[in-house]
>>> print(open('work01.cif').read())   # mmCIF, C-alpha atoms
data_input
#
loop_
_atom_site.label_atom_id
_atom_site.label_comp_id
_atom_site.auth_asym_id
_atom_site.auth_seq_id
_atom_site.Cartn_x
_atom_site.Cartn_y
_atom_site.Cartn_z
CA MET A 234 6.76 0.23 -8.13
CA ASN A 235 4.77 -1.58 -10.84
CA SER A 236 1.62 -3.63 -10.42
CA GLU A 237 2.49 -5.89 -13.34
CA THR A 238 5.87 -6.89 -11.96
CA GLY A 239 4.63 -7.31 -8.41
CA SER A 240 7.39 -5.08 -7.04
CA THR A 241 5.36 -3.85 -4.08
CA GLN A 242 6.81 -5.40 -0.93
CA PHE A 243 4.60 -7.33 1.47
CA ALA A 244 5.82 -6.95 5.03
CA ALA A 245 5.01 -9.32 7.85
CA SER A 246 3.66 -6.66 10.18
CA ALA A 247 3.18 -2.96 10.88
CA ASP A 248 6.44 -3.09 12.82
CA ASP A 249 8.26 -4.13 9.66
CA LEU A 250 6.77 -1.12 7.86
CA ALA A 251 7.83 1.16 10.71
CA ARG A 252 11.43 0.10 10.17
CA LEU A 253 11.20 1.69 6.71
CA VAL A 254 10.51 5.14 8.21
CA PRO A 255 13.78 6.93 8.97
CA HIS A 256 14.36 9.57 11.60
CA ALA A 257 13.50 13.11 10.43
CA ALA A 258 11.28 11.88 7.58
CA LYS A 259 8.48 14.12 6.30
CA VAL A 260 5.41 11.93 6.86
CA ALA A 261 1.92 12.63 5.50
CA LEU A 262 -1.19 11.46 7.36
CA PHE A 263 -4.90 11.67 6.56
CA LYS A 264 -7.28 12.36 9.43
CA ASP A 265 -10.86 11.41 8.69
CA CYS A 266 -10.50 7.69 8.03
CA GLY A 267 -7.76 5.37 6.92
CA VAL A 268 -5.81 6.51 9.98
CA PRO A 269 -2.81 4.15 10.34
CA MET A 270 -2.96 3.76 14.11
CA ALA A 271 -1.30 0.33 14.21
CA LEU A 272 1.55 1.71 12.14
CA GLY A 273 1.73 4.81 14.34
CA CYS A 274 2.07 2.62 17.42
CA ALA A 275 4.84 0.73 15.64
CA LEU A 276 6.67 4.02 15.02
CA VAL A 277 6.51 4.70 18.75
CA ARG A 278 7.79 1.22 19.58
CA HIS A 279 10.74 1.76 17.24
CA ALA A 280 11.44 5.18 18.76
CA VAL A 281 11.40 7.06 15.46
CA ARG A 282 12.34 10.68 16.15
CA GLU A 283 12.36 14.17 14.60
CA LEU A 284 9.49 13.49 12.21
CA HIS A 285 7.98 16.29 10.14
CA ILE A 286 4.27 15.49 10.11
CA VAL A 287 2.01 16.82 7.35
CA THR A 288 -1.70 16.43 8.08
CA LEU A 289 -4.38 16.28 5.41
CA PRO A 290 -5.96 18.53 6.26
CA THR A 291 -6.03 18.48 10.07
CA GLY A 292 -4.70 16.11 12.71
CA GLY A 293 -6.39 13.96 15.33
CA ILE A 294 -5.40 11.24 17.76
CA LEU A 295 -2.49 9.88 15.70
CA PRO A 296 -0.33 13.04 15.47
CA ASP A 297 -1.28 13.85 19.07
CA MET A 298 -0.01 10.43 20.16
CA LEU A 299 3.18 10.75 18.11
CA ILE A 300 3.86 14.19 19.58
CA GLY A 301 3.28 12.91 23.11
CA ALA A 302 5.65 10.01 22.48
CA GLY A 303 8.43 12.37 21.40
CA CYS A 304 8.44 11.31 17.75
CA VAL A 305 7.69 14.71 16.17
CA ALA A 306 9.86 17.79 15.64
CA THR A 307 7.62 19.68 13.17
CA ILE A 308 3.95 19.56 12.30
CA GLU A 309 2.49 21.22 9.20
CA THR A 310 -1.24 21.43 9.79
CA ALA A 311 -4.46 23.40 9.78
CA GLY A 312 -5.11 22.22 13.33
CA VAL A 313 -4.97 19.24 15.68
CA THR A 314 -8.06 18.29 17.65
CA LEU A 315 -9.94 15.32 19.04
CA GLY A 316 -13.19 16.83 17.77
CA GLU A 317 -16.11 16.17 20.09
CA PHE A 318 -13.66 14.73 22.64
CA GLY A 319 -11.93 18.07 23.06
CA LEU A 320 -8.53 19.55 22.36
CA ALA A 321 -5.54 17.43 21.44
CA PRO A 322 -3.82 17.44 24.86
CA ARG A 323 -0.27 16.37 24.03
CA PHE A 324 -0.20 18.75 21.05
CA ILE A 325 -1.29 21.63 23.29
CA VAL A 326 1.37 20.82 25.90
CA ALA A 327 4.10 20.52 23.28
CA VAL A 328 3.13 23.87 21.73
CA LYS A 329 3.15 25.65 25.08
CA ARG A 330 6.54 24.19 25.92
CA GLY A 331 8.04 24.90 22.51
CA GLN A 332 8.72 21.21 21.93
CA VAL A 333 7.39 21.15 18.37
CA ARG A 334 7.71 23.56 15.46
CA ILE A 335 4.38 24.47 13.90
CA LEU A 336 3.97 25.37 10.24
CA ASP A 337 0.53 26.96 10.21
CA ALA A 338 -1.60 26.34 7.17
CA THR A 339 -5.22 26.15 6.08
CA CYS A 340 -6.99 23.11 4.70
CA PRO A 341 -6.99 24.48 1.12
CA ALA A 342 -3.30 25.41 1.43
CA LEU A 343 -2.33 21.87 2.42
CA TYR A 344 -4.34 20.38 -0.43
CA ALA A 345 -2.78 22.87 -2.86
CA GLY A 346 0.78 22.07 -1.75
CA LEU A 347 0.21 18.34 -2.09
CA GLN A 348 -1.50 18.80 -5.45
CA ALA A 349 1.55 20.69 -6.69
CA ALA A 350 3.76 17.76 -5.71
CA GLU A 351 1.30 15.34 -7.32
CA LYS A 352 1.57 17.31 -10.58
CA GLY A 353 5.34 17.60 -10.38
CA ILE A 354 5.31 21.40 -10.28
CA PRO A 355 7.17 23.60 -7.76
CA PHE A 356 4.25 25.62 -6.45
CA MET A 357 0.49 26.16 -6.58
CA PRO A 358 -1.35 29.50 -6.56
CA LEU A 359 -4.09 30.08 -3.99
CA ARG A 360 -6.17 33.19 -3.46
CA GLY A 361 -7.87 32.91 -0.08
CA LEU A 362 -4.84 33.53 2.14
CA ILE A 363 -4.36 37.18 1.14
CA GLY A 364 -4.17 39.39 4.23
CA SER A 365 -4.09 36.54 6.73
CA ASP A 366 -1.68 36.04 9.61
CA ILE A 367 -0.72 32.72 8.04
CA VAL A 368 0.92 34.47 5.09
CA ALA A 369 2.79 36.73 7.50
CA ALA A 370 3.98 33.75 9.54
CA ARG A 371 5.11 31.59 6.61
CA ASN A 372 8.21 32.97 4.94
CA ASP A 373 7.98 30.21 2.32
CA PHE A 374 4.67 31.61 1.02
CA ARG A 375 4.98 34.32 -1.64
CA VAL A 376 2.48 37.01 -2.63
CA ILE A 377 2.91 38.08 -6.27
CA ASP A 378 0.96 40.04 -8.86
CA ASN A 379 -1.12 37.87 -11.14
CA PRO A 380 0.90 37.91 -14.40
CA PHE A 381 -2.36 37.63 -16.37
CA GLY A 382 -4.19 40.48 -14.65
CA GLU A 383 -3.78 43.87 -13.07
CA ASP A 384 -3.89 44.78 -9.39
CA ASP A 385 -4.64 41.13 -8.59
CA PRO A 386 -2.34 39.65 -5.91
CA ILE A 387 -2.17 35.91 -5.42
CA VAL A 388 -0.27 33.62 -3.04
CA LEU A 389 2.18 31.02 -4.29
CA LEU A 390 2.53 27.95 -2.06
CA PRO A 391 5.52 25.61 -2.37
CA ALA A 392 4.87 22.00 -3.28
CA ILE A 393 4.61 19.67 -0.30
CA THR A 394 6.48 16.47 -1.11
CA PRO A 395 6.32 14.00 1.77
CA ASP A 396 9.11 11.46 2.06
CA ILE A 397 6.49 8.92 3.08
CA ALA A 398 2.69 8.69 3.06
CA LEU A 399 1.11 6.37 5.62
CA PHE A 400 -2.48 5.14 5.66
CA HIS A 401 -4.72 2.19 6.49
CA ALA A 402 -7.10 0.73 3.89
CA PRO A 403 -9.70 -2.04 3.71
CA TYR A 404 -7.75 -4.39 1.48
CA ALA A 405 -5.07 -4.86 -1.17
CA ASP A 406 -4.50 -7.47 -3.84
CA ARG A 407 -1.40 -9.60 -4.30
CA ALA A 408 -0.13 -7.29 -7.04
CA GLY A 409 0.01 -4.42 -4.53
CA ASN A 410 -3.04 -2.45 -5.67
CA VAL A 411 -4.94 -0.95 -2.72
CA TYR A 412 -8.67 -0.31 -2.39
CA VAL A 413 -9.27 3.18 -0.94
CA GLY A 414 -13.00 3.51 -1.69
CA ARG A 415 -14.32 7.06 -1.51
CA GLN A 416 -11.21 8.38 0.20
CA LYS A 417 -9.62 9.90 -2.90
CA GLU A 418 -7.38 12.02 -0.66
CA LEU A 419 -5.38 8.85 -0.03
CA LYS A 420 -4.55 8.77 -3.73
CA LEU A 421 -3.41 12.39 -3.50
CA LEU A 422 -1.06 11.52 -0.61
CA ALA A 423 0.39 8.55 -2.47
CA HIS A 424 0.86 10.52 -5.69
CA ALA A 425 2.59 13.38 -3.87
CA ALA A 426 4.87 11.28 -1.66
CA ARG A 427 8.17 9.69 -2.57
CA LYS A 428 7.11 6.44 -0.88
CA THR A 429 3.83 5.03 0.40
CA LEU A 430 3.43 2.47 3.17
CA VAL A 431 0.01 0.95 3.74
CA THR A 432 -1.59 -1.33 6.30
CA VAL A 433 -4.73 -3.22 5.28
CA GLU A 434 -7.36 -5.41 6.86
CA ARG A 435 -6.69 -8.23 4.42
CA VAL A 436 -5.22 -9.25 1.07
CA VAL A 437 -7.55 -10.54 -1.66
CA ASP A 438 -6.75 -12.99 -4.42
CA PHE A 439 -8.36 -11.07 -7.31
CA ASN A 440 -6.79 -8.10 -9.12
CA LEU A 441 -8.54 -4.88 -8.09
CA LEU A 442 -7.77 -3.11 -11.36
CA GLU A 443 -9.51 -5.84 -13.35
CA GLN A 444 -12.82 -5.28 -11.54
CA ASP A 445 -14.82 -2.53 -13.26
CA GLU A 446 -16.85 -1.72 -10.16
CA ILE A 447 -13.85 -1.02 -7.92
CA ALA A 448 -10.93 -0.20 -10.23
CA ALA A 449 -11.57 3.56 -10.05
CA ALA A 450 -11.65 3.35 -6.24
CA SER A 451 -8.27 1.62 -6.07
CA LEU A 452 -4.73 2.94 -5.87
CA ASN A 453 -2.39 1.48 -8.45
CA ALA A 454 0.53 -0.50 -7.05
CA LEU A 455 2.79 1.86 -9.00
CA TYR A 456 2.39 4.24 -6.04
CA VAL A 457 2.62 1.66 -3.24
CA ASP A 458 6.00 0.64 -1.85
CA ALA A 459 5.05 -1.74 0.93
CA ILE A 460 1.96 -3.28 2.51
CA ALA A 461 1.33 -5.14 5.76
CA VAL A 462 -1.82 -6.79 7.05
CA ALA A 463 -2.97 -5.19 10.32
CA PRO A 464 -6.52 -6.20 11.29
CA ARG A 465 -8.37 -3.25 12.86
CA GLY A 466 -5.31 -1.19 12.03
CA ALA A 467 -7.19 2.12 12.22
CA TRP A 468 -8.58 1.52 15.74
CA PRO A 469 -9.85 3.48 17.61
CA SER A 470 -10.57 5.52 14.47
CA ASN A 471 -13.08 4.18 11.97
CA LEU A 472 -12.77 2.32 8.70
CA PRO A 473 -15.92 2.82 6.59
CA GLY A 474 -17.75 -0.40 5.88
CA HIS A 475 -15.70 -2.33 8.43
CA TYR A 476 -15.93 -0.70 11.87
CA ASP A 477 -17.01 2.55 13.46
CA VAL A 478 -15.15 4.96 15.69
CA ASP A 479 -14.62 3.49 19.15
CA ARG A 480 -16.04 6.41 21.08
CA ALA A 481 -15.28 4.93 24.48
CA ALA A 482 -11.65 4.39 23.51
CA LEU A 483 -11.28 7.94 22.21
CA ALA A 484 -12.85 9.34 25.35
CA ASP A 485 -10.42 7.24 27.39
CA TYR A 486 -7.50 8.61 25.39
CA ALA A 487 -8.65 12.21 25.83
CA LYS A 488 -8.93 11.75 29.59
CA ALA A 489 -5.63 9.88 29.96
CA ALA A 490 -3.61 12.18 27.68
CA ALA A 491 -4.61 15.25 29.69
CA THR A 492 -1.59 14.57 31.93
CA GLY A 493 1.89 13.31 31.19
CA ASP A 494 1.55 10.37 33.57
CA GLY A 495 -1.86 9.46 32.20
CA PHE A 496 -0.57 9.54 28.64
CA ALA A 497 2.43 7.36 29.54
CA ALA A 498 0.11 4.82 31.15
CA TRP A 499 -2.22 4.85 28.13
CA LEU A 500 0.68 4.41 25.75
CA SER A 501 2.06 1.50 27.76
CA ARG A 502 -1.34 -0.22 27.76
CA THR A 503 -1.95 0.38 24.08
CA LEU A 504 1.44 -0.75 22.83
CA ALA A 505 1.38 -3.85 24.99
CA VAL A 506 -1.94 -5.26 23.74
CA ASP A 507 -3.64 -5.98 20.44
CA ALA A 508 -5.64 -2.91 19.36
CA ALA A 509 -8.57 -5.19 18.50
CA ALA A 510 -8.93 -6.02 22.19
#
>>> encode(input="work01.cif", output="structure tokens")
Amino acid sequence: MNSETGSTQFAASADDLARLVPHAAKVALFKDCGVPMALGCALVRHAVRELHIVTLPTGGILPDMLIGAGCVATIETAGVTLGEFGLAPRFIVAVKRGQVRILDATCPALYAGLQAAEKGIPFMPLRGLIGSDIVAARNDFRVIDNPFGEDDPIVLLPAITPDIALFHAPYADRAGNVYVGRQKELKLLAHAARKTLVTVERVVDFNLLEQDEIAAASLNALYVDAIAVAPRGAWPSNLPGHYDVDRAALADYAKAAATGDGFAAWLSRTLAVDAAA
């Protein structure tokens, strides 16, 4: 995609973006903010299945919801948790029942794999995994001798190239450039992925890359395939500068998702109403 030609697509809704996500796609998600909850709900509505989720670096409510809804076959993660609201209940149930395949990783390992894809190289070396159970469990990780030293083992991690990166951002311009603010990890996801789909709070009329004060905090449309406006599209997660975490809503999710029936009821309520409500 190219910001000068305006080749980024503008979709009517998050549901239209969800239609661009095929079954069995490798999908990258960022946890801390910019969580594309509206788009995740759309994936559930469209019954997307067999996804391979890659979390950067860990997962929260969104992958837990997708797992509970039966959308996920594999998750590559350093952990899935609801933080102060407890364990991720549908993830825990799926693991115990063998319903999802887990590719264990660490936060640095996930960053390294995505950075390799961003750079267009097949692998990235990382030192801190030596001797860990993670190396033993991952047959795609390789321990080699440092070719520039002696008696110095190092781990090689394969590049992680998502088919699609999904995230929510404050705004985009009509050329398809997206403001990500301080969340530079969102740029990493977009650079590493083959396609990037973004929901935003709004679309602005000025070109982000022509504004000196925000150009460096914006993702070039070259890396953005499609955008849809989804007000409060990260809810109940936060979007810095726009709205905070809805603690009551997250607590409600944690309580409801503790049982299969409770999760089904929560999902039905959530998909049937506007998240902003």
>>> atom_distance(input="work01.cif", atom1="CA of Gly361 (chain A)", atom2="CA of Ala311 (chain A)")
14.1 Å
>>> atom_distance(input="work01.cif", atom1="CA of Asp479 (chain A)", atom2="CA of Leu315 (chain A)")
12.7 Å
>>> closest_residue(input="work01.cif", among="A:Ile286, A:Val462, A:Ala392, A:Ala369", to="Gly353 (chain A)", atoms="only C-alpha atoms")
A:Ala392
>>> residues_around(input="work01.cif", residues="Leu389 (chain A)", least_positions_apart="3", cutoff="6 Å", atoms="only C-alpha atoms", output="MDAnalysis selection string")
chainID A and resid 357:358 374:375
>>> residues_near_point(input="work01.cif", point="(3.5, 12.2, 3.9)", cutoff="6 Å", atoms="all atoms listed in the file", output="PyMOL selection string")
chain A and resi 259-262+287+395-398+426
>>> resolve_selection(input="work01.cif", expression="the PyMOL selection byres ((chain A and resi 464-474) around 12)", output="count of residues only")
57
>>> closest_residue(input="work01.cif", among="A:Ile363, A:Val313, A:Ile447, A:Leu422", to="Val376 (chain A)", atoms="all atoms listed in the file")
A:Ile363
>>> atom_distance(input="work01.cif", atom1="CA of Val333 (chain A)", atom2="CA of Ile393 (chain A)")
18.9 Å
>>> residues_around(input="work01.cif", residues="Arg360 (chain A)", least_positions_apart="2", cutoff="6 Å", atoms="only C-alpha atoms", output="PDB file with C-alpha atoms, in the frame of the given file")
ATOM      1  CA  LEU A 362      -4.840  33.530   2.140  1.00  0.00           C
ATOM      2  CA  ILE A 387      -2.170  35.910  -5.420  1.00  0.00           C
ATOM      3  CA  VAL A 388      -0.270  33.620  -3.040  1.00  0.00           C
TER       4      VAL A 388
END
>>> resolve_selection(input="work01.cif", expression="the PyMOL selection byres ((chain A and resi 301) around 12)", output="compact mmCIF listing (two decimals) with C-alpha atoms, keeping the file's coordinate frame")
# COMPACT_ATOMS: atom_id res chain seq x y z
CA CYS A 274 2.07 2.62 17.42
CA VAL A 277 6.51 4.70 18.75
CA ARG A 282 12.34 10.68 16.15
CA ILE A 294 -5.40 11.24 17.76
CA LEU A 295 -2.49 9.88 15.70
CA PRO A 296 -0.33 13.04 15.47
CA ASP A 297 -1.28 13.85 19.07
CA MET A 298 -0.01 10.43 20.16
CA LEU A 299 3.18 10.75 18.11
CA ILE A 300 3.86 14.19 19.58
CA ALA A 302 5.65 10.01 22.48
CA GLY A 303 8.43 12.37 21.40
CA CYS A 304 8.44 11.31 17.75
CA VAL A 305 7.69 14.71 16.17
CA ALA A 306 9.86 17.79 15.64
CA ALA A 321 -5.54 17.43 21.44
CA PRO A 322 -3.82 17.44 24.86
CA ARG A 323 -0.27 16.37 24.03
CA PHE A 324 -0.20 18.75 21.05
CA ILE A 325 -1.29 21.63 23.29
CA VAL A 326 1.37 20.82 25.90
CA ALA A 327 4.10 20.52 23.28
CA VAL A 328 3.13 23.87 21.73
CA GLN A 332 8.72 21.21 21.93
CA VAL A 333 7.39 21.15 18.37
CA TYR A 486 -7.50 8.61 25.39
CA ALA A 489 -5.63 9.88 29.96
CA ALA A 490 -3.61 12.18 27.68
CA ALA A 491 -4.61 15.25 29.69
CA THR A 492 -1.59 14.57 31.93
CA GLY A 493 1.89 13.31 31.19
CA ASP A 494 1.55 10.37 33.57
CA GLY A 495 -1.86 9.46 32.20
CA PHE A 496 -0.57 9.54 28.64
CA ALA A 497 2.43 7.36 29.54
CA ALA A 498 0.11 4.82 31.15
CA TRP A 499 -2.22 4.85 28.13
CA LEU A 500 0.68 4.41 25.75
>>> closest_residue(input="work01.cif", among="A:Ala487, A:Leu347, A:Leu419, A:Val437", to="Asn453 (chain A)", atoms="all atoms listed in the file")
A:Leu419
>>> residues_around(input="work01.cif", residues="region 239-245 of chain A", least_positions_apart="4", cutoff="7 Å", atoms="all atoms listed in the file", output="PyMOL selection string")
chain A and resi 234-235+249-250+408-409+454+457-461
>>> axis_aligned_box(input="work01.cif", around="region 296-307 of chain A", padding_each_side="3 Å", output="JSON")
{"center_x": 4.3, "center_y": 14.8, "center_z": 18.1, "size_x": 17.1, "size_y": 15.7, "size_z": 15.9}
